[in-house]
$ cat protein-v1.txt   # compact mmCIF, C-alpha atoms
# COMPACT_ATOMS: atom_id res chain seq x y z
CA MET A 1 24.64 30.61 1.37
CA ALA A 2 25.54 29.06 -1.96
CA ASP A 3 23.58 30.02 -5.07
CA ALA A 4 20.87 27.56 -6.04
CA ALA A 5 22.17 25.66 -9.07
CA LEU A 6 21.18 22.80 -11.35
CA ASP A 7 23.09 20.79 -13.95
CA PHE A 8 20.95 20.11 -17.03
CA TRP A 9 22.20 16.93 -18.74
CA PHE A 10 20.94 16.22 -22.23
CA ASP A 11 21.70 14.40 -25.45
CA PHE A 12 20.71 16.26 -28.60
CA ALA A 13 19.09 13.08 -29.98
CA SER A 14 16.82 12.77 -26.95
CA THR A 15 13.22 13.67 -27.69
CA TYR A 16 12.17 14.76 -24.21
CA SER A 17 15.34 16.88 -23.94
CA TYR A 18 13.72 19.10 -26.58
CA PRO A 19 10.85 20.51 -24.47
CA ALA A 20 13.22 20.62 -21.48
CA ALA A 21 15.70 22.76 -23.41
CA MET A 22 12.89 25.04 -24.56
CA ARG A 23 11.60 25.49 -20.98
CA VAL A 24 14.57 25.43 -18.66
CA ARG A 25 16.00 28.94 -19.03
CA ALA A 26 12.80 30.86 -18.29
CA LEU A 27 11.78 28.57 -15.42
CA ALA A 28 15.24 28.66 -13.86
CA ASN A 29 15.43 32.44 -14.08
CA ALA A 30 12.00 32.74 -12.48
CA ALA A 31 13.11 30.43 -9.65
CA GLY A 32 16.46 32.15 -9.22
CA VAL A 33 18.38 28.96 -10.03
CA LYS A 34 21.63 28.90 -12.01
CA VAL A 35 21.45 26.32 -14.79
CA ASN A 36 24.50 24.71 -16.33
CA PHE A 37 23.84 23.15 -19.79
CA ARG A 38 25.74 19.85 -19.96
CA PRO A 39 25.43 18.01 -23.28
CA PHE A 40 26.67 14.42 -23.19
CA LEU A 41 26.29 11.22 -25.20
CA LEU A 42 23.64 8.70 -24.23
CA GLY A 43 25.06 6.07 -26.62
CA PRO A 44 27.74 4.64 -24.31
CA ILE A 45 25.29 4.70 -21.40
CA PHE A 46 22.64 2.84 -23.42
CA VAL A 47 25.25 0.29 -24.54
CA ALA A 48 26.10 -0.33 -20.88
CA GLN A 49 22.39 -1.14 -20.37
CA GLY A 50 22.45 -3.57 -23.29
CA TRP A 51 20.71 -1.30 -25.82
CA ASP A 52 22.13 -0.60 -29.27
CA THR A 53 19.53 2.03 -30.17
CA SER A 54 16.90 4.18 -28.47
CA PRO A 55 14.58 2.23 -26.16
CA PHE A 56 11.79 3.98 -28.08
CA ASN A 57 12.85 1.94 -31.10
CA LEU A 58 13.41 -1.25 -29.11
CA TYR A 59 9.95 -1.06 -27.50
CA PRO A 60 7.49 0.05 -30.21
CA ALA A 61 4.49 0.59 -27.90
CA LYS A 62 6.63 2.88 -25.75
CA GLY A 63 7.90 4.63 -28.85
CA ARG A 64 4.41 5.26 -30.25
CA ASN A 65 3.33 6.69 -26.93
CA MET A 66 6.42 8.92 -26.71
CA TRP A 67 5.78 10.55 -30.10
CA ARG A 68 2.13 11.19 -29.27
CA ASP A 69 3.00 12.44 -25.79
CA LEU A 70 5.64 14.77 -27.24
CA GLU A 71 3.08 16.12 -29.72
CA ARG A 72 0.72 16.97 -26.87
CA ILE A 73 3.50 18.55 -24.78
CA CYS A 74 4.74 20.68 -27.68
CA ALA A 75 1.19 21.78 -28.50
CA ASP A 76 0.74 22.91 -24.88
CA LEU A 77 4.01 24.88 -25.16
CA SER A 78 2.92 26.40 -28.49
CA LEU A 79 5.94 24.83 -30.20
CA PRO A 80 5.71 23.82 -33.87
CA ALA A 81 4.23 20.40 -34.67
CA VAL A 82 6.82 17.73 -33.82
CA ARG A 83 8.84 16.37 -36.73
CA ARG A 84 10.45 12.97 -36.47
CA PRO A 85 14.00 13.25 -37.83
CA GLU A 86 15.22 10.46 -40.12
CA PRO A 87 16.99 8.42 -39.01
CA PHE A 88 15.83 8.39 -35.43
CA PRO A 89 17.74 8.71 -33.21
CA GLN A 90 20.08 11.17 -34.89
CA ASN A 91 23.82 10.91 -34.33
CA SER A 92 24.39 13.75 -31.86
CA LEU A 93 28.20 13.64 -31.71
CA LEU A 94 28.92 16.68 -33.92
CA ALA A 95 26.26 18.87 -32.32
CA ALA A 96 27.48 17.98 -28.83
CA ARG A 97 31.09 18.80 -29.68
CA VAL A 98 30.12 22.17 -31.18
CA ALA A 99 27.88 22.92 -28.18
CA LEU A 100 30.82 22.40 -25.81
CA VAL A 101 32.80 25.02 -27.71
CA GLY A 102 29.86 27.43 -27.52
CA LEU A 103 29.22 26.82 -23.83
CA ASN A 104 32.80 27.96 -23.18
CA GLU A 105 31.97 31.12 -25.09
CA THR A 106 28.74 33.14 -25.06
CA TRP A 107 26.53 31.43 -27.65
CA GLY A 108 26.28 27.91 -26.22
CA GLU A 109 22.72 27.92 -24.92
CA GLU A 110 21.29 29.63 -27.98
CA PHE A 111 23.03 27.06 -30.16
CA CYS A 112 21.61 24.17 -28.11
CA VAL A 113 18.08 25.52 -28.43
CA ALA A 114 18.61 26.07 -32.17
CA VAL A 115 19.79 22.46 -32.66
CA PHE A 116 16.71 21.08 -30.91
CA ARG A 117 14.39 23.35 -32.88
CA ALA A 118 15.99 22.41 -36.21
CA GLN A 119 15.76 18.70 -35.40
CA PHE A 120 12.33 18.30 -33.85
CA GLY A 121 10.61 21.44 -35.14
CA GLN A 122 11.88 21.18 -38.72
CA GLY A 123 12.99 17.55 -39.07
CA GLN A 124 16.56 18.49 -40.04
CA ARG A 125 19.55 16.15 -39.74
CA ILE A 126 21.81 17.40 -36.97
CA ASP A 127 24.67 15.07 -37.95
CA ASP A 128 25.05 17.10 -41.15
CA VAL A 129 27.86 19.68 -41.18
CA ALA A 130 25.68 21.87 -43.44
CA THR A 131 22.91 22.05 -40.80
CA ILE A 132 25.36 22.94 -38.04
CA THR A 133 27.06 25.51 -40.27
CA ASP A 134 23.70 27.18 -40.96
CA LEU A 135 22.85 27.29 -37.26
CA LEU A 136 26.23 28.81 -36.36
CA THR A 137 25.99 31.35 -39.14
CA ALA A 138 22.52 32.41 -37.97
CA LEU A 139 24.08 33.09 -34.56
CA ASN A 140 26.92 35.12 -36.15
CA VAL A 141 29.44 32.53 -35.04
CA PRO A 142 32.36 31.82 -37.46
CA ALA A 143 31.48 28.30 -38.62
CA ALA A 144 34.76 26.99 -40.03
CA ALA A 145 36.90 27.96 -37.05
CA THR A 146 34.28 26.67 -34.64
CA LEU A 147 33.96 23.31 -36.40
CA ALA A 148 37.75 22.97 -36.31
CA ALA A 149 37.78 23.71 -32.57
CA ALA A 150 34.93 21.25 -32.05
CA GLN A 151 36.88 18.46 -33.75
CA SER A 152 40.13 19.12 -31.89
CA ASP A 153 41.47 16.30 -29.75
CA GLU A 154 41.16 18.45 -26.66
CA ASN A 155 37.45 19.11 -27.29
CA LYS A 156 36.76 15.47 -28.14
CA MET A 157 38.30 14.55 -24.79
CA ARG A 158 36.10 17.11 -23.02
CA LEU A 159 32.95 15.50 -24.39
CA ARG A 160 34.21 12.07 -23.37
CA ALA A 161 34.95 13.36 -19.86
CA GLN A 162 31.52 14.97 -19.66
CA THR A 163 29.82 11.68 -20.60
CA GLU A 164 31.93 9.84 -17.98
CA ASP A 165 30.94 12.45 -15.42
CA ALA A 166 27.26 11.88 -16.27
CA GLN A 167 27.73 8.14 -15.83
CA ARG A 168 29.50 8.60 -12.49
CA ARG A 169 26.55 10.62 -11.22
CA GLY A 170 24.13 7.84 -12.14
CA VAL A 171 22.67 9.49 -15.24
CA PHE A 172 20.95 6.78 -17.30
CA GLY A 173 18.68 8.82 -19.58
CA ALA A 174 17.97 12.35 -20.76
CA PRO A 175 17.09 14.93 -19.84
CA THR A 176 18.41 14.64 -16.30
CA PHE A 177 18.81 17.36 -13.69
CA THR A 178 21.33 17.00 -10.86
CA THR A 179 21.86 19.19 -7.83
CA ALA A 180 24.99 20.07 -5.86
CA ASP A 181 23.79 17.83 -2.99
CA GLY A 182 23.57 14.77 -5.24
CA GLU A 183 19.87 14.56 -6.10
CA LEU A 184 19.03 13.30 -9.57
CA PHE A 185 15.78 14.06 -11.40
CA TRP A 186 15.09 12.27 -14.67
CA GLY A 187 12.77 13.58 -17.34
CA ASN A 188 11.33 16.79 -18.73
CA ASP A 189 8.40 16.24 -16.36
CA ARG A 190 10.72 16.48 -13.34
CA LEU A 191 12.13 19.93 -14.19
CA GLU A 192 9.82 21.79 -11.80
CA ARG A 193 10.62 19.39 -8.95
CA ALA A 194 14.35 19.72 -9.61
CA LEU A 195 14.13 23.51 -9.50
CA ALA A 196 12.15 23.36 -6.26
CA TRP A 197 14.76 21.04 -4.75
CA ALA A 198 17.62 23.28 -5.85
CA THR A 199 15.88 26.30 -4.30
CA ARG A 200 15.24 24.52 -1.00
CA GLY A 201 18.81 23.25 -0.81
CA GLY A 202 20.45 26.51 -1.98
CA MET B 1 -22.75 16.01 -24.11
CA ALA B 2 -21.21 12.84 -22.73
CA ASP B 3 -19.81 12.91 -19.21
CA ALA B 4 -16.06 13.39 -19.05
CA ALA B 5 -14.56 10.00 -18.17
CA LEU B 6 -11.20 8.34 -17.72
CA ASP B 7 -10.13 4.72 -17.42
CA PHE B 8 -7.42 4.27 -14.77
CA TRP B 9 -5.36 1.18 -15.60
CA PHE B 10 -3.04 -0.15 -12.93
CA ASP B 11 -1.23 -3.22 -11.69
CA PHE B 12 -1.06 -3.55 -7.91
CA ALA B 13 2.66 -4.37 -8.15
CA SER B 14 3.41 -1.12 -10.00
CA THR B 15 5.19 1.43 -7.85
CA TYR B 16 4.00 4.58 -9.64
CA SER B 17 0.44 3.24 -9.59
CA TYR B 18 0.58 3.79 -5.82
CA PRO B 19 0.69 7.63 -5.81
CA ALA B 20 -1.71 7.61 -8.76
CA ALA B 21 -4.23 5.55 -6.81
CA MET B 22 -3.85 7.85 -3.80
CA ARG B 23 -4.44 10.98 -5.92
CA VAL B 24 -6.90 10.08 -8.63
CA ARG B 25 -10.24 10.18 -6.80
CA ALA B 26 -9.88 13.70 -5.35
CA LEU B 27 -8.43 15.16 -8.55
CA ALA B 28 -11.08 13.54 -10.74
CA ASN B 29 -13.89 14.74 -8.49
CA ALA B 30 -12.47 18.28 -8.54
CA ALA B 31 -12.28 18.15 -12.36
CA GLY B 32 -15.75 16.62 -12.72
CA VAL B 33 -14.36 13.52 -14.45
CA LYS B 34 -15.75 10.01 -13.91
CA VAL B 35 -12.92 7.57 -13.17
CA ASN B 36 -13.17 3.87 -13.78
CA PHE B 37 -10.61 1.80 -11.79
CA ARG B 38 -9.32 -0.97 -14.07
CA PRO B 39 -6.80 -3.32 -12.44
CA PHE B 40 -4.96 -5.57 -14.90
CA LEU B 41 -1.80 -7.68 -15.02
CA LEU B 42 1.39 -6.16 -16.40
CA GLY B 43 3.14 -9.56 -16.42
CA PRO B 44 1.86 -10.78 -19.82
CA ILE B 45 2.49 -7.33 -21.32
CA PHE B 46 6.06 -7.25 -20.01
CA VAL B 47 6.65 -10.78 -21.33
CA ALA B 48 5.49 -9.59 -24.76
CA GLN B 49 8.22 -6.91 -24.52
CA GLY B 50 10.82 -9.53 -23.63
CA TRP B 51 10.97 -8.80 -19.89
CA ASP B 52 10.61 -11.52 -17.26
CA THR B 53 10.54 -9.09 -14.32
CA SER B 54 10.10 -5.38 -13.65
CA PRO B 55 12.27 -3.13 -15.84
CA PHE B 56 13.26 -1.50 -12.54
CA ASN B 57 15.00 -4.77 -11.66
CA LEU B 58 16.40 -5.30 -15.16
CA TYR B 59 17.92 -1.80 -15.29
CA PRO B 60 19.42 -1.09 -11.84
CA ALA B 61 20.19 2.62 -12.45
CA LYS B 62 16.58 3.15 -13.46
CA GLY B 63 15.43 1.15 -10.44
CA ARG B 64 17.52 3.16 -7.97
CA ASN B 65 16.15 6.37 -9.43
CA MET B 66 12.56 5.12 -9.27
CA TRP B 67 12.75 4.30 -5.55
CA ARG B 68 14.31 7.68 -4.75
CA ASP B 69 11.82 9.48 -7.01
CA LEU B 70 8.93 7.65 -5.35
CA GLU B 71 10.24 8.66 -1.92
CA ARG B 72 10.24 12.31 -2.96
CA ILE B 73 6.75 12.07 -4.50
CA CYS B 74 5.28 10.37 -1.43
CA ALA B 75 6.92 12.93 0.87
CA ASP B 76 5.30 15.72 -1.15
CA LEU B 77 1.93 13.95 -0.81
CA SER B 78 2.46 13.47 2.96
CA LEU B 79 2.24 9.69 2.50
CA PRO B 80 4.20 7.40 4.85
CA ALA B 81 7.86 6.70 3.99
CA VAL B 82 7.95 4.25 1.07
CA ARG B 83 8.57 0.61 1.97
CA ARG B 84 9.98 -1.74 -0.62
CA PRO B 85 7.99 -4.99 -0.46
CA GLU B 86 9.94 -8.25 -0.60
CA PRO B 87 10.04 -9.72 -3.14
CA PHE B 88 9.73 -6.87 -5.61
CA PRO B 89 7.66 -6.90 -7.70
CA GLN B 90 4.92 -8.60 -5.72
CA ASN B 91 2.63 -11.11 -7.39
CA SER B 92 -0.52 -9.05 -7.87
CA LEU B 93 -2.84 -11.78 -9.18
CA LEU B 94 -4.84 -12.38 -6.00
CA ALA B 95 -5.28 -8.68 -5.21
CA ALA B 96 -6.41 -7.96 -8.78
CA ARG B 97 -8.98 -10.76 -8.71
CA VAL B 98 -10.40 -9.56 -5.40
CA ALA B 99 -10.45 -5.96 -6.63
CA LEU B 100 -12.57 -6.99 -9.62
CA VAL B 101 -15.16 -8.46 -7.27
CA GLY B 102 -15.16 -5.28 -5.19
CA LEU B 103 -15.42 -2.98 -8.20
CA ASN B 104 -18.65 -4.78 -9.11
CA GLU B 105 -19.87 -4.02 -5.61
CA THR B 106 -19.39 -0.85 -3.54
CA TRP B 107 -16.01 -1.36 -1.85
CA GLY B 108 -13.69 -1.74 -4.86
CA GLU B 109 -11.90 1.58 -4.81
CA GLU B 110 -11.37 1.56 -1.05
CA PHE B 111 -9.93 -1.93 -1.34
CA CYS B 112 -7.54 -0.85 -4.13
CA VAL B 113 -6.25 2.07 -2.07
CA ALA B 114 -5.88 -0.21 0.97
CA VAL B 115 -3.83 -2.74 -1.03
CA PHE B 116 -1.44 -0.04 -2.25
CA ARG B 117 -1.09 1.42 1.25
CA ALA B 118 -0.41 -1.99 2.81
CA GLN B 119 2.20 -2.80 0.19
CA PHE B 120 4.16 0.42 -0.23
CA GLY B 121 3.32 2.18 3.04
CA GLN B 122 3.76 -0.87 5.29
CA GLY B 123 5.83 -3.29 3.20
CA GLN B 124 3.24 -6.07 3.42
CA ARG B 125 3.00 -9.00 1.00
CA ILE B 126 -0.10 -8.60 -1.13
CA ASP B 127 0.13 -12.15 -2.51
CA ASP B 128 -0.64 -13.44 0.99
CA VAL B 129 -4.24 -14.51 1.63
CA ALA B 130 -3.84 -13.32 5.24
CA THR B 131 -3.05 -9.76 4.13
CA ILE B 132 -6.02 -9.65 1.75
CA THR B 133 -8.28 -11.15 4.41
CA ASP B 134 -7.23 -8.44 6.88
CA LEU B 135 -7.88 -5.69 4.36
CA LEU B 136 -11.33 -7.07 3.50
CA THR B 137 -12.23 -7.46 7.15
CA ALA B 138 -11.20 -3.86 7.86
CA LEU B 139 -13.69 -2.82 5.15
CA ASN B 140 -16.43 -5.00 6.68
CA VAL B 141 -16.43 -7.23 3.60
CA PRO B 142 -16.99 -10.99 4.21
CA ALA B 143 -13.53 -12.36 3.42
CA ALA B 144 -14.17 -16.05 2.80
CA ALA B 145 -17.09 -15.58 0.40
CA THR B 146 -15.23 -12.80 -1.41
CA LEU B 147 -12.07 -14.87 -1.84
CA ALA B 148 -14.17 -17.70 -3.24
CA ALA B 149 -15.83 -15.35 -5.71
CA ALA B 150 -12.43 -13.94 -6.65
CA GLN B 151 -11.09 -17.40 -7.47
CA SER B 152 -14.12 -18.46 -9.50
CA ASP B 153 -13.51 -19.33 -13.14
CA GLU B 154 -15.80 -16.54 -14.22
CA ASN B 155 -13.83 -13.92 -12.28
CA LYS B 156 -10.49 -15.31 -13.47
CA MET B 157 -11.75 -14.89 -17.03
CA ARG B 158 -12.80 -11.31 -16.29
CA LEU B 159 -9.26 -10.40 -15.21
CA ARG B 160 -7.84 -12.09 -18.30
CA ALA B 161 -10.27 -10.16 -20.50
CA GLN B 162 -9.38 -6.91 -18.75
CA THR B 163 -5.66 -7.48 -19.38
CA GLU B 164 -6.38 -8.26 -23.03
CA ASP B 165 -8.44 -5.09 -23.27
CA ALA B 166 -5.50 -3.10 -21.85
CA GLN B 167 -3.18 -4.65 -24.42
CA ARG B 168 -5.60 -3.88 -27.27
CA ARG B 169 -5.63 -0.22 -26.24
CA GLY B 170 -1.84 -0.07 -26.37
CA VAL B 171 -1.24 -0.10 -22.62
CA PHE B 172 2.42 -1.06 -22.03
CA GLY B 173 2.99 0.10 -18.45
CA ALA B 174 1.20 1.34 -15.37
CA PRO B 175 -0.42 3.51 -14.37
CA THR B 176 -2.07 4.42 -17.66
CA PHE B 177 -5.07 6.64 -18.27
CA THR B 178 -7.20 6.25 -21.39
CA THR B 179 -10.01 8.41 -22.68
CA ALA B 180 -13.16 7.58 -24.62
CA ASP B 181 -11.65 9.19 -27.74
CA GLY B 182 -8.60 6.90 -27.66
CA GLU B 183 -5.91 9.04 -26.02
CA LEU B 184 -3.45 7.21 -23.79
CA PHE B 185 -1.48 8.86 -20.99
CA TRP B 186 1.22 6.83 -19.27
CA GLY B 187 2.47 7.54 -15.78
CA ASN B 188 1.43 9.06 -12.49
CA ASP B 189 2.94 12.31 -13.76
CA ARG B 190 0.44 12.40 -16.64
CA LEU B 191 -2.69 12.23 -14.47
CA GLU B 192 -3.33 15.98 -14.58
CA ARG B 193 -2.91 16.07 -18.37
CA ALA B 194 -5.24 13.11 -18.78
CA LEU B 195 -7.91 14.79 -16.67
CA ALA B 196 -7.53 18.01 -18.67
CA TRP B 197 -7.91 16.05 -21.90
CA ALA B 198 -10.99 14.21 -20.65
CA THR B 199 -12.56 17.52 -19.64
CA ARG B 200 -11.86 19.15 -22.99
CA GLY B 201 -13.19 16.15 -24.90
CA GLY B 202 -16.26 15.56 -22.67

$ encode --input "protein-v1.txt" --output "structure tokens"
Amino acid sequence: MADAALDFWFDFASTYSYPAAMRVRALANAAGVKVNFRPFLLGPIFVAQGWDTSPFNLYPAKGRNMWRDLERICADLSLPAVRRPEPFPQNSLLAARVALVGLNETWGEEFCVAVFRAQFGQGQRIDDVATITDLLTALNVPAAATLAAAQSDENKMRLRAQTEDAQRRGVFGAPTFTTADGELFWGNDRLERALAWATRGG
Amino acid sequence: MADAALDFWFDFASTYSYPAAMRVRALANAAGVKVNFRPFLLGPIFVAQGWDTSPFNLYPAKGRNMWRDLERICADLSLPAVRRPEPFPQNSLLAARVALVGLNETWGEEFCVAVFRAQFGQGQRIDDVATITDLLTALNVPAAATLAAAQSDENKMRLRAQTEDAQRRGVFGAPTFTTADGELFWGNDRLERALAWATRGG
């Protein structure tokens, strides 16, 4: 019998990916499900749907509700009060490239969680090399060498391939959870269902 | 202390309003929360957002996911396999007008549940007078007199006022749950949170 497994697709700029990233490890461990963190870029996928920014900006009523809803969710999780980064959405390219380097080493997940916390817990800009350097340094990761690896052509291509893989699987938003048997679950609020599915199908 | 209460806003054409309508009465009773069924029309609200049909039609990837997600949700609730009514979305005007008459009498909630079941459990057209007549008859409600009351100018104005009230409260989709203290919860998946909020605030 194969191990139960779940791919966790997220864009660092995505607001609901924040509570998902804060929850997924503990819930997956409790359920005995392997989770694979897969950062990708929503931008090209939104462009393909005709959007040039976050739908939360395009549809203000939806956006207002999202921020309030996120506040309530984070309060229930005892996370710090939500900060809205400026600009919103943040450009997540640099953070995603660095995360890919880390996910090939040992510090990837911790870095992902730290990026989300800095952005939505502290309102920091994640497109700023200084922010990313601070986060790497706090994890005892050599920042300069890591940033160089992140900006290598090979790593840039890996992020592009990951985004294309997301698109091929029908990912249209974040967070999304996909299973080995092709089920797709969209949204932080579908994490429990996705884990249950992965366990049943494992 | 005021009774805990929740307004349940829905459009009969809304897919996720279906499981919400099937769940809300039992969950609200268990939580000791009064629920007020408030059918309205999403059409004018979607038009104000620049949409001339359901976003599930405008964004096919989102639409495919919604139908699959709804299948999974209904399976978990032991509801019949989901049927996609043709056309989708259905015109919900007639059903909403009749529901308003029923909600002023004693059979409103049962009628609402019956409309959702006919549409998404059996694939019936809810814009068809014959369907509505059958549903009323099954509830021992005099169909002809009720349809006449539903199409009266006064009742038409009530539905318009209800939709305007939804818009004023920031409702932008369905189902939506609103509380007396102005909180808004959007989506079938927020029903439990909305009930918890109403209980805390009651």

$ closest_residue --input "protein-v1.txt" --among "A:Ala174, A:Ala114, A:Ala95, A:Met157" --to "chain B" --atoms "all atoms listed in the file"
A:Ala174

$ interface_residues --input "protein-v1.txt" --of "chain B" --to "chain A" --cutoff "8 Å" --atoms "only C-alpha atoms" --output "list in words"
Gln49, Tyr59, Ala61, Lys62, Asn65, Asp69, Gly170, Val171, Phe172, Leu184, Phe185, Trp186 and Asp189 of chain B

$ write_last_selection --input "protein-v1.txt" --atoms "C-alpha atoms" --output "PDB file, in the coordinates of the input"
ATOM      1  CA  GLN B  49       8.220  -6.910 -24.520  1.00  0.00           C
ATOM      2  CA  TYR B  59      17.920  -1.800 -15.290  1.00  0.00           C
ATOM      3  CA  ALA B  61      20.190   2.620 -12.450  1.00  0.00           C
ATOM      4  CA  LYS B  62      16.580   3.150 -13.460  1.00  0.00           C
ATOM      5  CA  ASN B  65      16.150   6.370  -9.430  1.00  0.00           C
ATOM      6  CA  ASP B  69      11.820   9.480  -7.010  1.00  0.00           C
ATOM      7  CA  GLY B 170      -1.840  -0.070 -26.370  1.00  0.00           C
ATOM      8  CA  VAL B 171      -1.240  -0.100 -22.620  1.00  0.00           C
ATOM      9  CA  PHE B 172       2.420  -1.060 -22.030  1.00  0.00           C
ATOM     10  CA  LEU B 184      -3.450   7.210 -23.790  1.00  0.00           C
ATOM     11  CA  PHE B 185      -1.480   8.860 -20.990  1.00  0.00           C
ATOM     12  CA  TRP B 186       1.220   6.830 -19.270  1.00  0.00           C
ATOM     13  CA  ASP B 189       2.940  12.310 -13.760  1.00  0.00           C
TER      14      ASP B 189
END

$ atom_distance --input "protein-v1.txt" --atom1 "CA of Val35 (chain A)" --atom2 "CA of Ala145 (chain A)"
27.1 Å

$ residues_around --input "protein-v1.txt" --residues "Ala5 (chain A)" --least-positions-apart "3" --cutoff "7 Å" --atoms "all atoms listed in the file" --output "ChimeraX atom specification"
/A:33-35,179,198

$ residues_around --input "protein-v1.txt" --residues "Gln124 (chain A)" --least-positions-apart "4" --cutoff "10 Å" --atoms "only C-alpha atoms" --output "number ranges by chain"
A: 83-86, 90, 115-120, 128, 131

$ closest_residue --input "protein-v1.txt" --among "A:Leu136, A:Ala180, A:Ala26, A:Leu77" --to "Gly108 (chain A)" --atoms "only C-alpha atoms"
A:Leu136

$ residues_around --input "protein-v1.txt" --residues "Ala166 (chain A)" --least-positions-apart "6" --cutoff "10 Å" --atoms "all atoms listed in the file" --output "PyMOL selection string"
chain A and resi 9-10+38-42+45+160+172-173+176+178
